[in-house]
file target.csv (CSV, C-alpha atoms)
chain,number,residue,atom,x,y,z
P,75,MET,CA,37.8,9.6,-69.1
P,76,THR,CA,39.5,12.3,-71.1
P,77,GLU,CA,38.3,15.3,-73.2
P,78,THR,CA,37.2,13.0,-76.0
P,79,VAL,CA,33.8,11.2,-76.2
P,80,PHE,CA,35.4,7.8,-75.2
P,81,THR,CA,35.3,6.3,-71.7
P,82,ARG,CA,36.4,3.0,-70.3
P,83,GLN,CA,35.5,0.9,-67.3
P,84,ILE,CA,38.4,-0.3,-65.2
P,85,ASN,CA,38.6,-3.1,-62.7
P,86,PRO,CA,39.7,-1.4,-59.4
P,87,GLU,CA,41.6,-4.5,-58.2
P,88,THR,CA,43.4,-5.6,-61.4
P,89,LEU,CA,43.3,-2.3,-63.3
P,90,GLU,CA,42.3,-4.2,-66.4
P,91,THR,CA,39.7,-2.7,-68.7
P,92,ILE,CA,36.2,-4.1,-68.7
P,93,GLY,CA,34.7,-4.7,-72.1
P,94,GLU,CA,35.0,-2.3,-75.0
P,95,ARG,CA,35.3,1.4,-74.7
P,96,THR,CA,32.1,3.5,-74.6
P,97,ARG,CA,31.5,6.2,-77.2
P,98,ILE,CA,29.4,8.9,-75.4
P,99,GLY,CA,28.2,10.2,-78.8
P,100,ASP,CA,26.4,6.9,-79.5
P,101,TYR,CA,23.9,7.8,-76.7
P,102,VAL,CA,23.9,11.7,-76.6
P,103,THR,CA,24.8,14.0,-79.4
P,104,VAL,CA,28.2,15.4,-78.4
P,105,ASN,CA,31.5,15.5,-80.2
P,106,LEU,CA,33.6,16.3,-77.1
P,107,ALA,CA,33.1,16.0,-73.3
P,108,THR,CA,35.0,17.3,-70.3
P,109,ALA,CA,37.1,15.1,-68.0
P,110,HIS,CA,35.6,16.8,-64.9
P,111,PRO,CA,32.0,15.6,-64.4
P,112,HIS,CA,30.2,16.3,-61.2
P,113,VAL,CA,28.9,13.2,-59.2
P,114,LEU,CA,25.8,13.6,-57.1
P,115,GLU,CA,25.2,11.8,-53.9
P,116,ASP,CA,22.9,9.2,-55.5
P,117,GLY,CA,25.5,8.4,-58.2
P,118,THR,CA,23.9,10.6,-60.9
P,119,VAL,CA,26.7,12.2,-63.1
P,120,LEU,CA,26.5,15.7,-64.7
P,121,ASN,CA,28.9,16.6,-67.5
P,122,MET,CA,29.2,19.0,-70.4
P,123,GLY,CA,30.1,18.4,-74.0
P,124,SER,CA,30.2,20.2,-77.3
P,125,HIS,CA,27.9,19.4,-80.3
P,126,PHE,CA,29.4,20.8,-83.4
P,127,THR,CA,26.8,19.6,-85.9
P,128,HIS,CA,23.7,20.8,-84.2
P,129,LYS,CA,21.0,21.8,-86.7
P,130,LYS,CA,20.9,25.3,-85.3
P,131,GLY,CA,24.7,25.6,-85.1
P,132,PRO,CA,27.2,24.4,-82.5
P,133,HIS,CA,25.9,24.1,-78.9
P,134,TYR,CA,27.3,23.4,-75.5
P,135,CYS,CA,25.4,20.5,-74.0
P,136,ILE,CA,24.8,19.5,-70.3
P,137,ILE,CA,24.5,15.8,-70.0
P,138,GLN,CA,22.8,13.9,-67.2
P,139,VAL,CA,23.7,10.2,-66.7
P,140,PRO,CA,21.8,8.0,-64.2
P,141,PRO,CA,23.6,5.8,-61.7
P,142,SER,CA,24.5,2.3,-62.8
P,143,TYR,CA,25.5,0.1,-59.9
P,144,ASP,CA,27.2,-3.4,-60.2
P,145,SER,CA,26.7,-3.4,-63.9
P,146,GLU,CA,29.3,-3.9,-66.7
P,147,GLU,CA,26.8,-2.2,-69.1
P,148,THR,CA,27.4,1.5,-69.8
P,149,ALA,CA,25.4,3.9,-67.7
P,150,PHE,CA,25.2,6.2,-70.8
P,151,LYS,CA,22.3,4.1,-72.1
P,152,GLY,CA,20.1,6.1,-69.9
P,153,ALA,CA,21.9,9.5,-70.5
P,154,LYS,CA,19.9,12.5,-71.6
P,155,LEU,CA,20.5,16.1,-72.5
P,156,LEU,CA,19.5,18.4,-69.7
P,157,ALA,CA,20.2,21.7,-71.5
P,158,GLU,CA,21.8,23.2,-74.6
P,159,ILE,CA,23.6,26.5,-74.7
P,160,PRO,CA,24.1,28.1,-78.1
P,161,VAL,CA,27.7,28.9,-79.0
P,162,SER,CA,28.2,32.7,-79.2
P,163,SER,CA,30.3,32.5,-82.3
P,164,LYS,CA,28.9,29.7,-84.4
P,165,LEU,CA,32.0,28.5,-86.1
P,166,TYR,CA,34.2,29.0,-83.1
P,167,PRO,CA,33.1,27.2,-80.0
P,168,SER,CA,35.0,27.8,-76.8
P,169,TYR,CA,37.5,25.3,-75.3
P,170,TYR,CA,36.7,24.3,-71.7
P,171,HIS,CA,38.0,21.8,-69.3
P,172,SER,CA,35.5,21.9,-66.4
P,173,PHE,CA,32.4,23.6,-65.2
P,174,GLY,CA,30.8,24.8,-61.9
P,175,MET,CA,27.8,23.5,-60.0
P,176,THR,CA,25.7,24.7,-57.1
P,177,GLU,CA,22.8,22.8,-55.5
P,178,ASP,CA,20.5,24.3,-58.1
P,179,LYS,CA,22.6,25.8,-60.9
P,180,ILE,CA,25.2,24.9,-63.5
P,181,ILE,CA,27.8,27.5,-64.3
P,182,PHE,CA,29.5,27.4,-67.7
P,183,ILE,CA,32.4,29.7,-68.6
P,184,GLU,CA,32.6,30.5,-72.3
P,185,GLN,CA,36.2,31.8,-72.7
P,186,PRO,CA,37.9,33.2,-75.8
P,187,LEU,CA,40.2,30.2,-76.3
P,188,TYR,CA,38.3,29.1,-79.4
P,189,PHE,CA,38.2,25.9,-81.4
P,190,SER,CA,38.1,26.5,-85.2
P,191,VAL,CA,35.5,24.2,-86.7
P,192,PRO,CA,36.5,25.1,-90.3
P,193,GLN,CA,40.1,24.2,-89.6
P,194,PHE,CA,39.0,21.0,-87.8
P,195,MET,CA,36.8,19.9,-90.7
P,196,ILE,CA,39.6,20.5,-93.2
P,197,SER,CA,42.1,18.7,-91.0
P,198,SER,CA,39.8,15.6,-90.8
P,199,TYR,CA,40.3,15.2,-94.6
P,200,ILE,CA,43.9,16.4,-95.0
P,201,ARG,CA,45.0,14.9,-91.6
P,202,ARG,CA,47.8,17.4,-91.1
P,203,ARG,CA,46.4,19.1,-88.0
P,204,THR,CA,45.5,17.8,-84.6
P,205,PRO,CA,42.5,19.2,-82.7
P,206,LYS,CA,44.9,21.2,-80.5
P,207,ASP,CA,46.2,22.9,-83.6
P,208,CYS,CA,42.8,24.3,-84.3
P,209,LEU,CA,42.8,26.3,-81.0
P,210,PHE,CA,43.4,30.1,-81.0
P,211,TRP,CA,43.2,32.8,-78.3
P,212,GLN,CA,41.2,35.9,-79.2
P,213,PRO,CA,42.5,38.8,-77.1
P,214,ASN,CA,40.3,41.7,-76.0
P,215,THR,CA,37.2,39.5,-75.9
P,216,LYS,CA,34.9,39.1,-73.0
P,217,THR,CA,34.7,35.9,-71.1
P,218,LYS,CA,31.1,34.9,-70.6
P,219,PHE,CA,29.4,33.1,-67.6
P,220,HIS,CA,26.3,31.2,-68.5
P,221,VAL,CA,23.9,29.9,-65.7
P,222,VAL,CA,21.5,27.0,-66.2
P,223,CYS,CA,18.9,25.7,-63.8
P,224,ARG,CA,19.7,22.1,-62.9
P,225,LYS,CA,16.1,21.0,-62.4
P,226,THR,CA,14.5,22.5,-65.5
P,227,GLY,CA,17.5,23.0,-67.9
P,228,GLN,CA,16.3,26.6,-68.4
P,229,ILE,CA,19.1,29.1,-69.2
P,230,HIS,CA,19.2,32.1,-66.8
P,231,PRO,CA,18.3,35.3,-68.8
P,232,ILE,CA,21.2,37.2,-67.4
P,233,LEU,CA,24.7,36.9,-69.0
P,234,TYR,CA,27.7,37.7,-67.0
P,235,GLU,CA,30.9,39.0,-68.7
P,236,THR,CA,34.4,39.7,-67.5
P,237,ASP,CA,37.8,40.7,-68.9
P,238,ASP,CA,41.0,38.7,-69.0
P,239,LEU,CA,40.0,35.2,-67.9
P,240,PHE,CA,41.0,31.7,-68.9
P,241,THR,CA,40.5,28.7,-66.6
P,242,PHE,CA,41.1,25.0,-66.7
P,243,HIS,CA,39.7,24.2,-63.2
P,244,HIS,CA,36.7,25.3,-61.1
P,245,ALA,CA,37.3,25.1,-57.4
P,246,ASN,CA,33.7,25.3,-56.1
P,247,ALA,CA,30.5,27.3,-56.4
P,248,TYR,CA,27.5,28.0,-54.2
P,249,GLU,CA,24.6,30.4,-53.8
P,250,GLU,CA,24.4,33.0,-51.1
P,251,ASP,CA,22.2,36.0,-50.5
P,252,GLY,CA,20.8,36.0,-54.1
P,253,SER,CA,24.2,35.6,-55.8
P,254,LEU,CA,26.3,32.8,-57.1
P,255,ILE,CA,29.8,32.6,-55.7
P,256,VAL,CA,32.2,31.0,-58.3
P,257,ASP,CA,35.8,30.2,-57.4
P,258,VAL,CA,38.3,29.2,-60.1
P,259,ALA,CA,42.0,28.9,-60.8
P,260,GLY,CA,42.2,31.7,-63.4
P,261,TYR,CA,44.7,33.0,-65.9
P,262,ASP,CA,44.8,36.4,-67.6
P,263,ASP,CA,44.9,34.7,-71.0
P,264,ALA,CA,45.6,31.4,-72.7
P,265,LYS,CA,48.6,32.3,-74.9
P,266,PHE,CA,50.7,29.7,-73.1
P,267,VAL,CA,48.4,27.0,-74.2
P,268,ILE,CA,49.0,27.9,-77.8
P,269,ASN,CA,52.7,28.5,-77.4
P,270,GLY,CA,52.9,25.1,-75.6
P,271,ARG,CA,52.5,23.4,-78.9
P,272,SER,CA,56.1,24.4,-79.7
P,273,GLY,CA,57.4,24.2,-76.1
P,274,ASP,CA,57.7,28.0,-75.8
P,275,PHE,CA,56.9,28.4,-72.1
P,276,GLY,CA,59.8,30.8,-71.5
P,277,ASN,CA,58.5,34.0,-72.8
P,278,LYS,CA,59.2,36.6,-70.1
P,279,LYS,CA,56.3,38.8,-71.3
P,280,GLU,CA,54.0,35.9,-70.2
P,281,ALA,CA,55.7,35.3,-66.9
P,282,LYS,CA,53.0,37.2,-65.0
P,283,ASN,CA,50.3,35.1,-66.4
P,284,LYS,CA,50.2,32.6,-63.6
P,285,PRO,CA,47.0,31.0,-62.3
P,286,THR,CA,45.6,32.6,-59.2
P,287,LEU,CA,42.6,31.6,-57.0
P,288,ARG,CA,39.8,34.0,-58.1
P,289,ARG,CA,36.3,34.6,-56.9
P,290,TYR,CA,33.5,35.9,-59.1
P,291,ILE,CA,30.1,37.0,-57.7
P,292,LEU,CA,27.1,36.7,-60.0
P,293,PRO,CA,24.0,38.5,-58.8
P,294,LEU,CA,20.9,36.5,-59.9
P,295,ASN,CA,18.6,39.5,-59.9
P,296,ALA,CA,19.7,42.5,-62.1
P,297,SER,CA,17.6,44.9,-60.1
P,298,LYS,CA,19.0,43.8,-56.7
P,299,ILE,CA,22.8,44.1,-57.2
P,300,PRO,CA,24.4,44.9,-53.8
P,301,GLN,CA,25.7,48.4,-53.5
P,302,ASN,CA,29.2,47.2,-52.4
P,303,SER,CA,29.4,44.7,-55.3
P,304,SER,CA,31.9,44.9,-58.1
P,305,ALA,CA,29.2,43.7,-60.4
P,306,THR,CA,27.5,46.4,-62.6
P,307,LEU,CA,24.6,46.3,-64.9
P,308,ARG,CA,25.8,47.2,-68.4
P,309,PRO,CA,24.3,50.6,-69.5
P,310,GLY,CA,21.5,50.1,-72.0
P,311,ASN,CA,21.3,46.3,-71.5
P,312,ARG,CA,19.4,44.9,-68.6
P,313,TYR,CA,20.5,41.3,-69.4
P,314,ILE,CA,24.3,41.7,-69.2
P,315,ILE,CA,26.1,42.2,-65.9
P,316,ASP,CA,29.8,43.0,-65.9
P,317,ILE,CA,31.8,41.3,-63.2
P,318,SER,CA,35.4,41.4,-61.9
P,319,PRO,CA,37.2,39.0,-59.6
P,320,THR,CA,38.4,39.1,-56.1
P,321,VAL,CA,41.8,37.3,-55.9
P,322,LEU,CA,41.7,35.0,-52.9
P,323,TYR,CA,45.4,33.8,-53.3
P,324,LYS,CA,47.8,35.9,-55.4
P,325,ARG,CA,50.6,33.4,-55.9
P,326,PHE,CA,50.6,30.5,-58.3
P,327,PHE,CA,47.7,28.1,-57.6
P,328,GLU,CA,46.4,25.3,-59.8
P,329,PHE,CA,44.5,22.0,-59.5
P,330,PRO,CA,42.1,23.2,-56.8
P,331,ARG,CA,40.4,20.5,-54.8
P,332,ILE,CA,37.9,20.6,-51.9
P,333,ASN,CA,36.2,18.2,-49.5
P,334,TYR,CA,33.7,17.0,-52.1
P,335,LYS,CA,30.9,16.7,-49.5
P,336,PHE,CA,30.8,20.5,-49.8
P,337,ASN,CA,30.6,20.6,-53.6
P,338,GLY,CA,28.1,23.1,-54.7
P,339,ARG,CA,27.7,24.3,-51.1
P,340,LYS,CA,29.1,27.1,-49.0
P,341,TYR,CA,32.6,26.0,-48.0
P,342,GLU,CA,35.7,27.3,-46.3
P,343,PHE,CA,38.8,25.4,-47.6
P,344,VAL,CA,40.4,24.7,-50.9
P,345,TYR,CA,43.6,22.8,-51.5
P,346,GLY,CA,45.9,23.3,-54.5
P,347,ALA,CA,49.3,22.7,-56.0
P,348,SER,CA,51.4,25.9,-55.7
P,349,SER,CA,55.0,27.2,-56.0
P,350,SER,CA,57.3,28.5,-53.3
P,351,ARG,CA,59.3,30.4,-56.0
P,352,GLN,CA,58.6,33.8,-57.3
P,353,ILE,CA,57.8,33.4,-61.0
P,354,GLU,CA,60.3,35.3,-63.2
P,355,ILE,CA,60.7,33.2,-66.3
P,356,GLU,CA,58.3,30.3,-66.3
P,357,VAL,CA,54.7,30.8,-67.0
P,358,PHE,CA,53.9,27.4,-65.5
P,359,PRO,CA,56.5,26.5,-62.9
P,360,GLU,CA,56.9,23.0,-61.5
P,361,PRO,CA,54.8,23.2,-58.4
P,362,ASP,CA,56.8,22.2,-55.3
P,363,GLN,CA,54.2,22.8,-52.5
P,364,LEU,CA,50.7,21.9,-51.4
P,365,THR,CA,48.6,24.9,-50.2
P,366,LYS,CA,45.4,25.2,-48.2
P,367,VAL,CA,43.5,28.4,-48.5
P,368,ASP,CA,40.7,29.6,-46.2
P,369,VAL,CA,38.4,31.4,-48.6
P,370,ASP,CA,36.7,33.3,-45.8
P,371,SER,CA,39.6,34.5,-43.8
P,372,GLY,CA,42.3,34.4,-46.4
P,373,LYS,CA,44.6,32.3,-44.1
P,374,VAL,CA,47.1,30.2,-46.0
P,375,ILE,CA,49.0,27.1,-44.9
P,376,SER,CA,51.5,25.3,-47.1
P,377,TRP,CA,53.6,22.2,-47.0
P,378,VAL,CA,56.8,22.8,-48.9
P,379,GLY,CA,58.4,19.9,-50.7
P,380,GLY,CA,61.6,21.7,-51.8
P,381,ASP,CA,63.3,22.2,-55.1
P,382,LYS,CA,64.0,18.5,-55.7
P,383,VAL,CA,60.4,17.4,-56.0
P,384,MET,CA,57.3,18.2,-57.9
P,385,VAL,CA,53.9,17.8,-56.3
P,386,SER,CA,50.7,16.5,-57.9
P,387,GLU,CA,47.1,17.7,-57.4
P,388,PRO,CA,46.1,17.3,-53.7
P,389,VAL,CA,43.2,14.9,-53.0
P,390,PHE,CA,41.2,15.4,-49.8
P,391,VAL,CA,40.0,12.3,-48.0
P,392,GLN,CA,37.6,12.7,-45.1
P,393,ASN,CA,38.2,11.0,-41.8
P,394,PRO,CA,35.7,8.1,-41.7
P,395,THR,CA,36.2,7.5,-37.9
P,396,ILE,CA,34.6,10.8,-36.8
P,397,GLU,CA,30.8,10.8,-36.4
P,398,ASN,CA,30.3,14.5,-37.2
P,399,PRO,CA,33.5,15.6,-39.1
P,400,THR,CA,34.2,19.2,-39.8
P,401,GLU,CA,35.1,20.3,-43.3
P,402,ASP,CA,38.9,19.7,-42.9
P,403,ASP,CA,38.8,16.6,-40.7
P,404,GLY,CA,40.8,14.3,-42.9
P,405,VAL,CA,44.0,14.0,-44.9
P,406,VAL,CA,45.4,15.3,-48.1
P,407,LEU,CA,47.0,12.8,-50.5
P,408,ALA,CA,49.5,13.8,-53.2
P,409,ASN,CA,52.1,12.3,-55.4
P,410,LEU,CA,55.7,13.5,-55.4
P,411,LEU,CA,58.0,13.2,-58.4
P,412,HIS,CA,61.8,13.2,-57.6
P,413,LYS,CA,63.7,15.3,-60.1
P,414,GLU,CA,67.0,13.5,-59.5
P,415,ASP,CA,65.6,10.0,-59.7
P,416,PRO,CA,62.9,9.7,-62.4
P,417,GLN,CA,62.0,6.2,-61.3
P,418,LYS,CA,61.2,7.2,-57.8
P,419,THR,CA,57.8,8.4,-56.6
P,420,THR,CA,56.3,9.1,-53.2
P,421,LEU,CA,52.7,9.1,-51.9
P,422,ILE,CA,52.6,11.7,-49.1
P,423,VAL,CA,49.8,12.0,-46.5
P,424,LEU,CA,49.2,15.3,-44.8
P,425,ASP,CA,47.0,16.3,-41.9
P,426,ALA,CA,44.4,18.5,-43.7
P,427,LYS,CA,44.0,20.8,-40.7
P,428,ILE,CA,47.6,21.8,-40.3
P,429,MET,CA,49.1,20.6,-43.6
P,430,HIS,CA,51.8,18.6,-41.7
P,431,GLU,CA,53.1,15.3,-42.9
P,432,ILE,CA,51.7,12.2,-41.2
P,433,GLY,CA,53.5,9.7,-43.3
P,434,SER,CA,54.7,8.7,-46.8
P,435,VAL,CA,55.3,5.6,-49.0
P,436,VAL,CA,58.1,5.5,-51.5
P,437,PHE,CA,57.8,3.5,-54.7
P,438,LYS,CA,60.5,2.5,-57.1
P,439,ALA,CA,59.2,2.0,-60.7
P,440,ASP,CA,60.8,0.0,-63.5
P,441,GLY,CA,60.8,3.0,-65.7
P,442,ALA,CA,60.5,6.8,-65.5
P,443,VAL,CA,57.4,8.0,-63.7
P,444,THR,CA,55.5,10.7,-65.6
P,445,PRO,CA,53.7,13.6,-63.9
P,446,THR,CA,50.1,13.2,-62.9
P,447,LEU,CA,47.5,15.8,-63.5
P,448,HIS,CA,44.6,14.5,-61.5
P,449,GLY,CA,43.8,11.8,-58.9
P,450,GLN,CA,40.8,10.3,-57.2
P,451,TRP,CA,40.1,8.5,-53.9
P,452,SER,CA,37.4,5.8,-53.6
P,453,ASN,CA,36.5,3.8,-50.6
P,454,LEU,CA,36.4,0.1,-51.4
P,455,ASN,CA,32.8,-0.4,-50.3
P,456,ASP,CA,31.3,2.8,-51.6
P,457,LYS,CA,28.8,2.5,-54.4
P,458,VAL,CA,29.3,6.2,-55.3
P,459,HIS,CA,32.8,7.4,-55.7
P,460,LEU,CA,32.8,11.2,-55.2
P,461,TYR,CA,35.8,13.2,-56.4
call {"tool": "encode", "arguments": {"input": "target.csv", "output": "structure tokens"}}
result
Amino acid sequence: MTETVFTRQINPETLETIGERTRIGDYVTVNLATAHPHVLEDGTVLNMGSHFTHKKGPHYCIIQVPPSYDSEETAFKGAKLLAEIPVSSKLYPSYYHSFGMTEDKIIFIEQPLYFSVPQFMISSYIRRRTPKDCLFWQPNTKTKFHVVCRKTGQIHPILYETDDLFTFHHANAYEEDGSLIVDVAGYDDAKFVINGRSGDFGNKKEAKNKPTLRRYILPLNASKIPQNSSATLRPGNRYIIDISPTVLYKRFFEFPRINYKFNGRKYEFVYGASSSRQIEIEVFPEPDQLTKVDVDSGKVISWVGGDKVMVSEPVFVQNPTIENPTEDDGVVLANLLHKEDPQKTTLIVLDAKIMHEIGSVVFKADGAVTPTLHGQWSNLNDKVHLY
């Protein structure tokens, strides 16, 4: 699964593909889809995609896909649209990589990294531009939080807006005391995405634009905003609430992962790839440590790999031998790339409670090993593979 509308089934034992690829757009009307769906405990999958040719203009679509066990047929045959969110600027839909979910709500962040539909349509004929070339960052533009009811697909009447936010990855979200708590790895802007097309990641003016772990609180009732909240009802508009973040971890923090049993629920721990170095030049340094953040207390524990390795996204695996495991009873898996030996890679296993190494396995590949962005653990006998 990627950010296109194509997916493939893969045999977990042989890693061979099964049948032909599935085009999601053949079953639900979307032109793009995220690579970060949410998987429910019964196997139902929720995802988001963009529909550029909607009769009322481009829309963001929430897709619901039923479980399909032990079948080589695509589960998308039973897919349906749960909700449609109108694009704020019709010819310029927002780029997004993931979305948030609670037990009752979907949270979609519409950020001002825009995709130019006119440029894309022209490029489809001229074939001189890639979809990435059609992206642009619009500074001094509010980032919008849309909330949708999972059960009914109804869009919440209140829109939440904030300054200076771009995100690839949601960490988690949950509802508490009449508000939604939304945690993301957030940047101040997305200029580095645009500059990345030419490899220009060394602009010192952008060096402070590192991703940090940020929390946004969205009051669901505009008339009951807590007095100590940073959220404020916009003067003259009872349907827009301005919000600002609390930074939970101020250093570089990306690829947030949690114990997925707590997805959409109140949780305590988030794991991420981080950097032990102070950022001076690089806007996106090579992460060399794995960090655990207690989102309640602010306590931070890190395993440092050193300047000769680069770490991947950490993947939490719950201990299956404990009858009533706590949230961090388990291990963290990650891949290490060795800078001095591009054919060497290490799978490291950390005790999730204390972030100490339990063991590791070193592999020697026939060729250079490329960096990984994401990983997933699945138990062999599980019907539903949660992230």
call {"tool": "closest_atom_pairs", "arguments": {"input": "target.csv", "of": "range 75-118 of chain P", "to": "range 324-348 of chain P", "cutoff": "10 Å", "atoms": "only C-alpha atoms", "output": "Markdown table"}}
result
| residue | atom | partner | partner_atom | distance |
| --- | --- | --- | --- | --- |
| P:His112 | CA | P:Asn337 | CA | 8.7 |
| P:Val113 | CA | P:Tyr334 | CA | 9.4 |
| P:Leu114 | CA | P:Asn337 | CA | 9.2 |
| P:Glu115 | CA | P:Lys335 | CA | 8.7 |
call {"tool": "closest_residue", "arguments": {"input": "target.csv", "among": "P:Lys438, P:Arg288, P:Arg312, P:His230", "to": "Gly372 in chain P", "atoms": "only C-alpha atoms"}}
result
P:Arg288
call {"tool": "closest_residue", "arguments": {"input": "target.csv", "among": "P:Ile232, P:Phe240, P:Asp402, P:Tyr248", "to": "Asp368 in chain P", "atoms": "all atoms listed in the file"}}
result
P:Asp402
call {"tool": "closest_residue", "arguments": {"input": "target.csv", "among": "P:Ile255, P:Val369, P:Ile183, P:Leu165", "to": "His243 in chain P", "atoms": "only C-alpha atoms"}}
result
P:Ile183
call {"tool": "closest_residue", "arguments": {"input": "target.csv", "among": "P:His430, P:His220, P:His125, P:Arg289", "to": "Val191 in chain P", "atoms": "all atoms listed in the file"}}
result
P:His125
call {"tool": "atom_distance", "arguments": {"input": "target.csv", "atom1": "CA of Leu424 in chain P", "atom2": "CA of Tyr261 in chain P"}}
result
27.9 Å
call {"tool": "atom_distance", "arguments": {"input": "target.csv", "atom1": "CA of Leu307 in chain P", "atom2": "CA of Tyr234 in chain P"}}
result
9.4 Å
call {"tool": "closest_residue", "arguments": {"input": "target.csv", "among": "P:Val139, P:Ala442, P:Ile181, P:Ile159", "to": "Ile98 in chain P", "atoms": "only C-alpha atoms"}}
result
P:Val139
call {"tool": "closest_residue", "arguments": {"input": "target.csv", "among": "P:Gln301, P:Asn295, P:Thr118, P:Ser190", "to": "Tyr313 in chain P", "atoms": "only C-alpha atoms"}}
result
P:Asn295
call {"tool": "atom_distance", "arguments": {"input": "target.csv", "atom1": "CA of Asp316 in chain P", "atom2": "CA of Thr108 in chain P"}}
result
26.6 Å
call {"tool": "residues_around", "arguments": {"input": "target.csv", "residues": "Thr420 in chain P", "least_positions_apart": "3", "cutoff": "9 Å", "atoms": "all atoms listed in the file", "output": "list in words"}}
result
Ala408, Asn409, Leu410, Leu411, His412, Ser434, Val435, Val436, Phe437 and Lys438 of chain P
call {"tool": "build_atoms", "arguments": {"input": "target.csv", "residues": "range 233-238 of chain P", "atoms": "all heavy atoms", "output": "PDB file, in the frame of the given file"}}
result
ATOM      1  N   LEU P 233      23.328  37.294 -68.656  1.00  0.00           N
ATOM      2  CA  LEU P 233      24.700  36.900 -69.000  1.00  0.00           C
ATOM      3  C   LEU P 233      25.677  37.679 -68.264  1.00  0.00           C
ATOM      4  O   LEU P 233      25.520  38.892 -68.107  1.00  0.00           O
ATOM      5  CB  LEU P 233      24.863  37.067 -70.548  1.00  0.00           C
ATOM      6  CG  LEU P 233      26.178  36.589 -71.156  1.00  0.00           C
ATOM      7  CD1 LEU P 233      26.288  35.075 -71.082  1.00  0.00           C
ATOM      8  CD2 LEU P 233      26.299  37.071 -72.606  1.00  0.00           C
ATOM      9  N   TYR P 234      26.719  37.030 -67.778  1.00  0.00           N
ATOM     10  CA  TYR P 234      27.700  37.700 -67.000  1.00  0.00           C
ATOM     11  C   TYR P 234      29.047  37.719 -67.786  1.00  0.00           C
ATOM     12  O   TYR P 234      29.450  36.696 -68.345  1.00  0.00           O
ATOM     13  CB  TYR P 234      27.955  36.975 -65.655  1.00  0.00           C
ATOM     14  CG  TYR P 234      26.673  36.814 -64.870  1.00  0.00           C
ATOM     15  CD1 TYR P 234      25.837  35.714 -65.085  1.00  0.00           C
ATOM     16  CD2 TYR P 234      26.282  37.765 -63.932  1.00  0.00           C
ATOM     17  CE1 TYR P 234      24.650  35.564 -64.388  1.00  0.00           C
ATOM     18  CE2 TYR P 234      25.088  37.618 -63.228  1.00  0.00           C
ATOM     19  CZ  TYR P 234      24.282  36.521 -63.464  1.00  0.00           C
ATOM     20  OH  TYR P 234      23.101  36.373 -62.780  1.00  0.00           O
ATOM     21  N   GLU P 235      29.692  38.877 -67.852  1.00  0.00           N
ATOM     22  CA  GLU P 235      30.900  39.000 -68.700  1.00  0.00           C
ATOM     23  C   GLU P 235      32.028  39.624 -67.842  1.00  0.00           C
ATOM     24  O   GLU P 235      31.796  40.481 -66.984  1.00  0.00           O
ATOM     25  CB  GLU P 235      30.639  39.837 -69.916  1.00  0.00           C
ATOM     26  CG  GLU P 235      29.644  39.174 -70.875  1.00  0.00           C
ATOM     27  CD  GLU P 235      29.581  39.868 -72.228  1.00  0.00           C
ATOM     28  OE1 GLU P 235      30.165  40.962 -72.374  1.00  0.00           O
ATOM     29  OE2 GLU P 235      28.945  39.312 -73.143  1.00  0.00           O
ATOM     30  N   THR P 236      33.245  39.193 -68.140  1.00  0.00           N
ATOM     31  CA  THR P 236      34.400  39.700 -67.500  1.00  0.00           C
ATOM     32  C   THR P 236      35.577  39.802 -68.435  1.00  0.00           C
ATOM     33  O   THR P 236      35.567  39.194 -69.508  1.00  0.00           O
ATOM     34  CB  THR P 236      34.805  38.827 -66.255  1.00  0.00           C
ATOM     35  OG1 THR P 236      35.807  39.485 -65.475  1.00  0.00           O
ATOM     36  CG2 THR P 236      35.335  37.474 -66.713  1.00  0.00           C
ATOM     37  N   ASP P 237      36.600  40.564 -68.046  1.00  0.00           N
ATOM     38  CA  ASP P 237      37.800  40.700 -68.900  1.00  0.00           C
ATOM     39  C   ASP P 237      38.854  39.680 -68.412  1.00  0.00           C
ATOM     40  O   ASP P 237      38.893  39.270 -67.252  1.00  0.00           O
ATOM     41  CB  ASP P 237      38.407  42.098 -68.733  1.00  0.00           C
ATOM     42  CG  ASP P 237      37.484  43.171 -69.294  1.00  0.00           C
ATOM     43  OD1 ASP P 237      36.886  42.943 -70.350  1.00  0.00           O
ATOM     44  OD2 ASP P 237      37.375  44.245 -68.657  1.00  0.00           O
ATOM     45  N   ASP P 238      39.725  39.317 -69.340  1.00  0.00           N
ATOM     46  CA  ASP P 238      41.000  38.700 -69.000  1.00  0.00           C
ATOM     47  C   ASP P 238      40.808  37.422 -68.119  1.00  0.00           C
ATOM     48  O   ASP P 238      41.314  37.372 -66.997  1.00  0.00           O
ATOM     49  CB  ASP P 238      41.928  39.638 -68.305  1.00  0.00           C
ATOM     50  CG  ASP P 238      42.199  40.867 -69.141  1.00  0.00           C
ATOM     51  OD1 ASP P 238      42.225  40.741 -70.376  1.00  0.00           O
ATOM     52  OD2 ASP P 238      42.380  41.950 -68.560  1.00  0.00           O
TER      53      ASP P 238
END
